[in-house]
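Enquirer: Just one file: protein23.cif, with mmCIF, C-alpha atoms.
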```cif
data_structure
loop_
_atom_site.label_atom_id
_atom_site.label_comp_id
_atom_site.auth_asym_id
_atom_site.auth_seq_id
_atom_site.Cartn_x
_atom_site.Cartn_y
_atom_site.Cartn_z
CA MET A 1 -151.42 98.25 7.61
CA LYS A 2 -154.00 95.88 9.09
CA ARG A 3 -152.73 93.24 11.50
CA LEU A 4 -152.69 89.62 10.45
CA SER A 5 -155.39 87.56 12.16
CA VAL A 6 -154.81 84.00 13.37
CA ASN A 7 -156.83 82.62 10.42
CA GLU A 8 -154.88 84.70 7.90
CA ALA A 9 -151.54 83.54 9.34
CA VAL A 10 -152.61 79.89 9.24
CA ASP A 11 -153.63 80.39 5.60
CA LEU A 12 -150.20 81.87 4.77
CA ILE A 13 -148.41 78.91 6.38
CA GLU A 14 -150.53 76.33 4.57
CA ASN A 15 -151.20 77.85 1.16
CA VAL A 16 -148.66 80.45 0.03
CA GLU A 17 -145.51 79.54 -1.92
CA LEU A 18 -142.25 79.79 -0.01
CA ALA A 19 -140.68 82.33 -2.40
CA GLU A 20 -143.71 84.62 -2.02
CA LEU A 21 -143.58 84.37 1.78
CA GLY A 22 -139.88 85.28 1.63
CA LYS A 23 -140.63 88.41 -0.41
CA MET A 24 -143.37 89.50 2.00
CA ALA A 25 -141.21 88.89 5.09
CA LEU A 26 -138.18 90.65 3.59
CA ALA A 27 -140.34 93.68 2.75
CA LYS A 28 -141.57 93.77 6.36
CA LYS A 29 -138.00 93.47 7.63
CA ARG A 30 -136.92 96.37 5.39
CA GLU A 31 -139.70 98.52 6.88
CA LEU A 32 -138.39 97.84 10.39
CA HIS A 33 -134.66 97.82 9.49
CA PRO A 34 -134.17 100.10 6.46
CA GLU A 35 -130.46 100.52 7.22
CA ARG A 36 -129.82 96.84 6.21
CA ILE A 37 -127.74 96.09 9.31
CA THR A 38 -127.68 92.47 10.49
CA THR A 39 -126.42 92.01 14.02
CA PHE A 40 -124.90 89.18 16.07
CA ILE A 41 -123.62 88.76 19.62
CA VAL A 42 -120.52 87.06 21.02
CA ASP A 43 -121.63 85.07 24.04
CA ARG A 44 -121.48 81.72 25.73
CA ASN A 45 -124.16 79.36 26.98
CA ILE A 46 -123.31 78.23 30.49
CA ASN A 47 -125.43 75.35 31.72
CA TYR A 48 -124.72 75.57 35.44
CA THR A 49 -126.32 72.17 36.11
CA ASN A 50 -127.78 69.31 34.09
CA VAL A 51 -129.78 68.06 37.07
CA CYS A 52 -133.50 68.41 36.38
CA TRP A 53 -136.69 66.89 37.74
CA VAL A 54 -139.01 68.22 34.99
CA ASP A 55 -138.29 65.28 32.62
CA CYS A 56 -139.18 67.04 29.36
CA LYS A 57 -139.57 64.31 26.76
CA PHE A 58 -137.89 66.41 24.07
CA CYS A 59 -134.68 66.95 26.09
CA ALA A 60 -131.58 64.77 25.82
CA PHE A 61 -129.47 66.96 28.11
CA TYR A 62 -130.96 66.53 31.59
CA ARG A 63 -129.97 64.01 34.25
CA HIS A 64 -131.49 63.03 37.57
CA ALA A 65 -129.50 63.98 40.68
CA LYS A 66 -128.16 60.48 41.40
CA GLU A 67 -127.00 59.70 37.86
CA GLN A 68 -123.27 59.30 37.40
CA ASP A 69 -122.81 62.22 35.00
CA ALA A 70 -125.05 64.67 36.90
CA TYR A 71 -123.26 67.90 37.82
CA VAL A 72 -123.54 71.37 39.35
CA LEU A 73 -120.73 73.71 38.30
CA SER A 74 -118.76 75.43 41.06
CA PHE A 75 -118.51 79.23 41.04
CA GLU A 76 -114.84 78.78 40.17
CA GLN A 77 -115.68 76.64 37.11
CA ILE A 78 -118.27 79.21 35.99
CA GLY A 79 -115.70 81.99 36.45
CA LYS A 80 -113.19 80.15 34.25
CA LYS A 81 -115.78 79.83 31.47
CA ILE A 82 -116.53 83.57 31.70
CA GLU A 83 -112.83 84.43 31.54
CA GLU A 84 -112.49 82.37 28.35
CA LEU A 85 -115.43 84.30 26.89
CA ILE A 86 -113.93 87.69 27.83
CA GLU A 87 -110.70 86.68 26.05
CA ILE A 88 -112.54 86.43 22.71
CA GLY A 89 -114.44 89.70 23.19
CA GLY A 90 -117.67 88.24 24.56
CA THR A 91 -120.22 90.45 26.30
CA GLN A 92 -123.01 88.16 27.52
CA ILE A 93 -123.63 84.79 29.12
CA LEU A 94 -126.82 82.90 28.45
CA PHE A 95 -127.20 81.22 31.78
CA GLN A 96 -129.49 78.23 32.15
CA GLY A 97 -129.60 74.88 33.82
CA GLY A 98 -131.89 72.05 34.48
CA VAL A 99 -134.53 72.72 37.11
CA HIS A 100 -132.52 71.48 40.10
CA PRO A 101 -134.80 70.09 42.83
CA LYS A 102 -132.74 71.46 45.74
CA LEU A 103 -131.25 74.83 44.77
CA LYS A 104 -133.08 77.72 46.46
CA ILE A 105 -133.16 81.47 45.80
CA GLU A 106 -130.15 82.16 48.08
CA TRP A 107 -127.87 79.96 45.94
CA TYR A 108 -128.95 81.82 42.79
CA GLU A 109 -128.51 85.22 44.47
CA GLU A 110 -124.97 84.33 45.52
CA LEU A 111 -124.16 83.08 42.02
CA VAL A 112 -125.49 86.19 40.23
CA GLU A 113 -123.74 88.47 42.72
CA PHE A 114 -120.46 86.57 42.29
CA ILE A 115 -120.57 87.00 38.49
CA CYS A 116 -121.61 90.68 38.64
CA LYS A 117 -118.92 91.67 41.11
CA LYS A 118 -116.10 89.70 39.54
CA TYR A 119 -116.99 90.29 35.86
CA PRO A 120 -118.93 93.59 35.73
CA GLN A 121 -118.43 93.86 31.95
CA ILE A 122 -120.51 90.69 31.37
CA THR A 123 -124.29 90.83 31.01
CA ILE A 124 -126.27 87.96 32.56
CA HIS A 125 -129.17 86.85 30.34
CA GLY A 126 -130.42 83.97 32.42
CA PHE A 127 -132.97 81.64 34.01
CA SER A 128 -136.09 80.69 32.11
CA ALA A 129 -139.62 81.23 33.39
CA VAL A 130 -139.67 77.52 34.24
CA GLU A 131 -136.59 77.92 36.47
CA ILE A 132 -138.03 81.06 38.10
CA ASP A 133 -141.32 79.23 38.72
CA TYR A 134 -139.58 76.40 40.58
CA ILE A 135 -137.03 78.59 42.43
CA ALA A 136 -140.01 80.54 43.82
CA LYS A 137 -141.90 77.39 44.81
CA ILE A 138 -139.02 75.70 46.61
CA SER A 139 -138.05 79.00 48.31
CA LYS A 140 -141.68 79.69 49.35
CA ILE A 141 -141.75 83.13 47.71
CA THR A 142 -143.64 84.57 44.73
CA THR A 143 -142.20 84.51 41.24
CA ARG A 144 -142.20 88.32 41.27
CA GLU A 145 -140.08 88.32 44.45
CA ALA A 146 -137.69 85.79 42.90
CA LEU A 147 -137.29 88.05 39.86
CA GLU A 148 -136.87 91.18 41.99
CA ARG A 149 -134.24 89.56 44.20
CA LEU A 150 -132.22 88.20 41.26
CA ASN A 151 -132.55 91.50 39.41
CA ALA A 152 -131.24 93.34 42.49
CA LYS A 153 -128.15 91.08 42.49
CA GLY A 154 -127.48 91.74 38.80
CA LEU A 155 -129.64 89.49 36.61
CA TYR A 156 -130.10 91.71 33.56
CA SER A 157 -132.60 89.91 31.35
CA MET A 158 -134.48 86.63 30.98
CA PRO A 159 -134.43 84.28 27.97
CA GLY A 160 -137.63 82.85 26.51
CA ALA A 161 -136.75 79.21 27.05
CA GLY A 162 -139.42 76.88 28.36
CA ALA A 163 -142.05 78.25 25.98
CA GLU A 164 -141.79 75.43 23.42
CA ILE A 165 -145.39 75.78 22.16
CA LEU A 166 -147.67 77.93 24.30
CA SER A 167 -150.54 75.47 24.12
CA ASP A 168 -151.45 73.43 27.18
CA ARG A 169 -152.55 70.52 24.97
CA VAL A 170 -149.06 70.32 23.48
CA ARG A 171 -147.31 70.95 26.81
CA ASP A 172 -149.24 68.08 28.41
CA VAL A 173 -147.73 65.74 25.81
CA ILE A 174 -144.13 66.96 25.58
CA ALA A 175 -143.45 68.38 29.07
CA PRO A 176 -146.32 67.68 31.47
CA LYS A 177 -144.43 68.85 34.59
CA LYS A 178 -143.58 72.28 33.17
CA CYS A 179 -145.46 75.44 34.07
CA ASP A 180 -148.49 76.04 31.87
CA THR A 181 -149.01 78.71 29.21
CA ALA A 182 -150.63 81.21 31.58
CA ASP A 183 -147.76 80.94 34.09
CA TRP A 184 -145.07 81.33 31.41
CA LEU A 185 -146.77 84.49 30.17
CA ARG A 186 -147.37 85.80 33.69
CA ILE A 187 -143.71 85.40 34.70
CA HIS A 188 -142.55 87.26 31.59
CA LYS A 189 -145.12 89.98 32.32
CA GLU A 190 -143.78 90.28 35.88
CA ALA A 191 -140.22 90.55 34.55
CA HIS A 192 -141.31 93.32 32.17
CA GLU A 193 -143.15 95.13 34.99
CA ILE A 194 -140.00 95.30 37.13
CA GLY A 195 -138.05 96.69 34.17
CA MET A 196 -136.40 93.48 33.00
CA LYS A 197 -136.47 92.78 29.26
CA THR A 198 -136.88 89.22 27.99
CA THR A 199 -136.94 87.26 24.74
CA ALA A 200 -139.69 85.04 23.35
CA THR A 201 -138.99 81.65 21.79
CA MET A 202 -140.72 78.76 20.09
CA MET A 203 -139.69 75.15 19.49
CA PHE A 204 -141.79 73.67 16.69
CA GLY A 205 -141.89 70.24 15.11
CA THR A 206 -143.39 68.00 17.79
CA VAL A 207 -147.16 67.41 18.07
CA GLU A 208 -148.50 70.93 17.49
CA THR A 209 -150.85 72.08 14.72
CA ASP A 210 -150.35 75.12 12.49
CA ARG A 211 -153.12 76.87 14.41
CA GLU A 212 -151.38 76.22 17.75
CA ILE A 213 -148.19 77.73 16.31
CA VAL A 214 -150.05 80.91 15.36
CA GLU A 215 -151.90 81.01 18.70
CA HIS A 216 -148.45 80.94 20.38
CA TRP A 217 -147.52 84.04 18.35
CA GLU A 218 -150.82 85.63 19.32
CA HIS A 219 -150.07 85.11 23.04
CA ILE A 220 -146.69 86.84 22.81
CA ARG A 221 -147.96 89.59 20.48
CA ASN A 222 -150.75 90.36 22.95
CA LEU A 223 -148.30 90.56 25.87
CA GLN A 224 -145.94 92.73 23.82
CA ASP A 225 -148.85 95.13 23.18
CA VAL A 226 -149.24 95.52 26.94
CA THR A 227 -145.62 95.65 28.15
CA GLY A 228 -143.26 96.12 25.19
CA GLY A 229 -140.85 93.95 27.18
CA PHE A 230 -139.75 91.39 24.57
CA ARG A 231 -136.49 92.28 22.80
CA ALA A 232 -136.62 89.52 20.19
CA PHE A 233 -138.29 86.35 18.95
CA ILE A 234 -136.35 83.16 18.24
CA LEU A 235 -137.80 80.11 16.48
CA TRP A 236 -136.14 76.71 16.20
CA SER A 237 -137.03 73.15 15.30
CA PHE A 238 -137.21 70.13 17.61
CA GLN A 239 -134.02 68.05 17.57
CA GLY A 240 -135.05 64.47 18.24
CA LEU A 241 -131.88 62.40 18.61
CA ASN A 242 -131.63 60.61 21.99
CA THR A 243 -135.03 61.96 23.15
CA ARG A 244 -137.92 60.06 24.68
CA LEU A 245 -140.40 62.12 22.67
CA ALA A 246 -139.03 60.90 19.34
CA ALA A 247 -139.11 57.30 20.61
CA GLU A 248 -142.70 57.58 21.88
CA HIS A 249 -144.01 59.44 18.83
CA PRO A 250 -142.64 57.85 15.65
CA GLU A 251 -145.00 60.07 13.63
CA ILE A 252 -142.79 63.07 14.46
CA VAL A 253 -140.51 63.79 11.51
CA LYS A 254 -137.43 65.99 11.23
CA GLN A 255 -138.50 69.45 10.13
CA SER A 256 -137.37 70.59 6.68
CA SER A 257 -135.56 73.82 5.88
CA ASN A 258 -138.64 74.81 3.85
CA ARG A 259 -140.82 74.44 6.95
CA TYR A 260 -138.42 76.48 9.10
CA LEU A 261 -138.22 79.33 6.58
CA ARG A 262 -141.99 79.26 6.02
CA LEU A 263 -142.72 79.64 9.75
CA LEU A 264 -139.99 82.24 10.16
CA ALA A 265 -141.43 84.37 7.36
CA VAL A 266 -144.98 84.23 8.72
CA SER A 267 -143.73 85.01 12.25
CA ARG A 268 -142.08 88.17 10.85
CA LEU A 269 -145.40 89.19 9.29
CA PHE A 270 -147.51 88.33 12.35
CA LEU A 271 -145.27 89.73 15.10
CA ASP A 272 -145.58 93.33 13.98
CA ASN A 273 -144.63 94.67 17.43
CA PHE A 274 -141.34 92.72 17.66
CA LYS A 275 -138.42 94.65 16.21
CA ASN A 276 -135.93 91.77 16.23
CA ILE A 277 -136.17 88.21 14.96
CA GLN A 278 -133.17 85.89 15.25
CA SER A 279 -132.04 83.27 12.80
CA SER A 280 -131.56 79.83 14.35
CA TRP A 281 -128.40 78.66 12.59
CA VAL A 282 -127.63 76.45 15.61
CA THR A 283 -130.40 74.02 14.63
CA GLN A 284 -130.58 74.79 10.89
CA GLY A 285 -126.91 75.09 9.93
CA SER A 286 -125.08 78.17 8.70
CA TYR A 287 -126.50 78.31 5.17
CA VAL A 288 -130.17 78.00 6.13
CA GLY A 289 -129.33 80.41 8.95
CA GLN A 290 -128.06 82.79 6.26
CA LEU A 291 -131.18 82.25 4.11
CA ALA A 292 -133.24 83.22 7.15
CA LEU A 293 -131.92 86.77 6.66
CA LEU A 294 -133.94 86.86 3.42
CA PHE A 295 -137.03 85.49 5.21
CA GLY A 296 -137.41 88.14 7.89
CA ALA A 297 -134.58 87.60 10.40
CA ASN A 298 -132.41 90.67 11.13
CA ASP A 299 -130.10 89.06 13.67
CA LEU A 300 -127.83 86.03 13.36
CA GLY A 301 -127.95 85.35 17.08
CA SER A 302 -124.90 84.21 18.98
CA THR A 303 -121.49 82.90 17.99
CA MET A 304 -122.35 80.35 20.70
CA MET A 305 -118.93 79.66 22.19
CA GLU A 306 -120.52 76.77 24.08
CA GLU A 307 -123.87 75.02 23.63
CA ASN A 308 -124.81 71.74 25.27
CA VAL A 309 -128.58 71.27 25.12
CA VAL A 310 -129.41 70.95 21.41
CA LYS A 311 -125.98 69.35 20.92
CA ALA A 312 -127.14 66.48 23.17
CA ALA A 313 -130.10 66.01 20.80
CA GLY A 314 -127.97 65.84 17.66
CA ALA A 315 -127.41 69.43 16.44
CA SER A 316 -123.74 70.35 16.42
CA PHE A 317 -123.37 73.30 14.02
CA ARG A 318 -120.66 75.82 14.91
CA MET A 319 -119.79 79.31 13.69
CA ASN A 320 -117.28 81.98 14.69
CA GLN A 321 -117.37 85.75 14.32
CA SER A 322 -115.52 85.92 11.00
CA GLN A 323 -117.83 83.29 9.45
CA MET A 324 -120.86 85.26 10.63
CA ILE A 325 -119.53 88.48 9.13
CA GLU A 326 -118.93 86.72 5.81
CA LEU A 327 -122.42 85.15 5.69
CA ILE A 328 -124.05 88.51 6.43
CA ARG A 329 -122.03 90.31 3.76
CA ASP A 330 -122.79 87.55 1.27
CA VAL A 331 -126.52 88.44 1.25
CA GLY A 332 -125.87 92.16 0.88
CA GLU A 333 -126.36 93.11 4.53
CA LYS A 334 -124.07 95.09 6.84
CA PRO A 335 -122.62 93.04 9.73
CA ALA A 336 -122.43 94.51 13.23
CA LYS A 337 -121.64 93.11 16.67
CA ARG A 338 -124.24 93.99 19.32
CA ASN A 339 -124.88 93.63 23.02
CA THR A 340 -127.94 92.21 24.82
CA ASN A 341 -129.85 95.47 24.25
CA TYR A 342 -129.24 95.35 20.50
CA ASP A 343 -126.94 98.38 20.83
CA ILE A 344 -124.21 98.20 18.18
CA LEU A 345 -120.73 97.72 19.66
CA GLU A 346 -118.68 97.30 16.49
CA ARG A 347 -119.44 97.77 12.79
CA PHE A 348 -117.86 95.63 10.09
CA TYR A 349 -118.78 97.86 7.18
CA GLU A 350 -117.83 101.27 5.82
#
```
Could you write out this file's structure as structure tokens?
Expert:
Amino acid sequence: MKRLSVNEAVDLIENVELAELGKMALAKKRELHPERITTFIVDRNINYTNVCWVDCKFCAFYRHAKEQDAYVLSFEQIGKKIEELIEIGGTQILFQGGVHPKLKIEWYEELVEFICKKYPQITIHGFSAVEIDYIAKISKITTREALERLNAKGLYSMPGAGAEILSDRVRDVIAPKKCDTADWLRIHKEAHEIGMKTTATMMFGTVETDREIVEHWEHIRNLQDVTGGFRAFILWSFQGLNTRLAAEHPEIVKQSSNRYLRLLAVSRLFLDNFKNIQSSWVTQGSYVGQLALLFGANDLGSTMMEENVVKAAGASFRMNQSQMIELIRDVGEKPAKRNTNYDILERFYE
């Protein structure tokens, strides 16, 4: 089957009825996942610090170092959070913070080593390309060396955070201090080259155009052609409560469920070299998250024992393992718990 071009994908977003897009995306999903298994993971987001100098306008979570509620978690506090996760059968921590202006590579090495040695059963999926970029700069090393050193201490994989929209025009508006598109892609390529898998993400609903959305997909599809290093794609909508971006740009409106499902479906059609696409129930709510399984998503993501970043911007949906299993069964799919690699750990079907 011929690949979708950028123009064809833009046309689908703008002109095809939602129900038709859903049918097309579900057919593509069935090609890739004929066994009808929908997976999820039990993990916990640990935000090791909220101190950040990058000042993204869309973020309500970060604080500057001297603010009263700024924090850096101690290793002991992080350990306690991991122990709580292990108690409920968790297998992974999604580990991210603000971009702290003073923490160098040695601090991160010690932290990763501490977790790996004390909790060897837990996989560390951590540190965005934006964090790696700054850790390297402040430590006067290359980003590749930063990745290699953290990988050697036990960092297993890297999340796709910090991508937002891979368009420098958009980035200059919403997060002008963040690394640019080329650097985000380069750091993921370096991670793939040293054998570290990553995920790709997108936050839509700010100032981007439909074409910029599709060009973002083209960037990650092109890199996936070269490295095969992305495990999954995750799409979510901008949450504007308490953010400077929403205050400065009153033309930005809350994204509808229709818009989310429309983009999700076209991403499934366009990203033909991505096996896994996650549903973003954390920003959309459990029922739209469930509908996403009929619009191309084959994974319900994480039970999200803890989540602080989108919560600070007004999204506070919650779901536990039994609710996830029920939602998956309800659309005729087979629920299964997975690990970071998408290996199935436990099946909840005959």
Enquirer: Determine the residue membership of the PyMOL selection byres ((chain A and resi 38) around 6) for the file above and supply it as number ranges by chain.
Expert: A: 37, 39, 298-299, 334-335
Enquirer: Between A:Thr199, A:Gln321, A:Ser267, A:Asn45, which has the minimum distance to Phe95 of chain A (counting only C-alpha atoms)?
Expert: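 Selected residue with least distance to Phe95 of chain A: A:Asn45.
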Enquirer: Written as JSON, numbers by chain, what is the full residue list that the PyMOL selection byres ((chain A and resi 255) around 8) yields on the file shown?
Expert: {"A": [205, 237, 238, 253, 254, 256, 257, 259, 260]}
Enquirer: Using only C-alpha atoms, which residue out of A:Gly240, A:Glu215, A:Thr198, A:Lys189 lies closest to Thr227 of chain A?
Expert: A:Lys189
Enquirer: Using all atoms listed in the file, which protein or nucleic acid residues come within 9 Å of Ala297 of chain A? Drop anything in the same chain fewer than 6 positions from it, and give the result as a ChimeraX atom specification.
Expert: /A:25-26,29,38,264-265,268,276-279,291
Enquirer: Expressed in Å to a single decimal, how great is the separation between atom CA of Leu235 of chain A and atom CA of Ser322 of chain A?
Expert: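 Answer for the atom CA of Leu235 of chain A to atom CA of Ser322 of chain A separation: 23.7 Å.
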Enquirer: Which residues come within 7 Å of Thr123 of chain A, counting all atoms listed in the file, excluding same-chain residues fewer than 3 positions away, as a ChimeraX atom specification?
Expert: /A:91-93,156
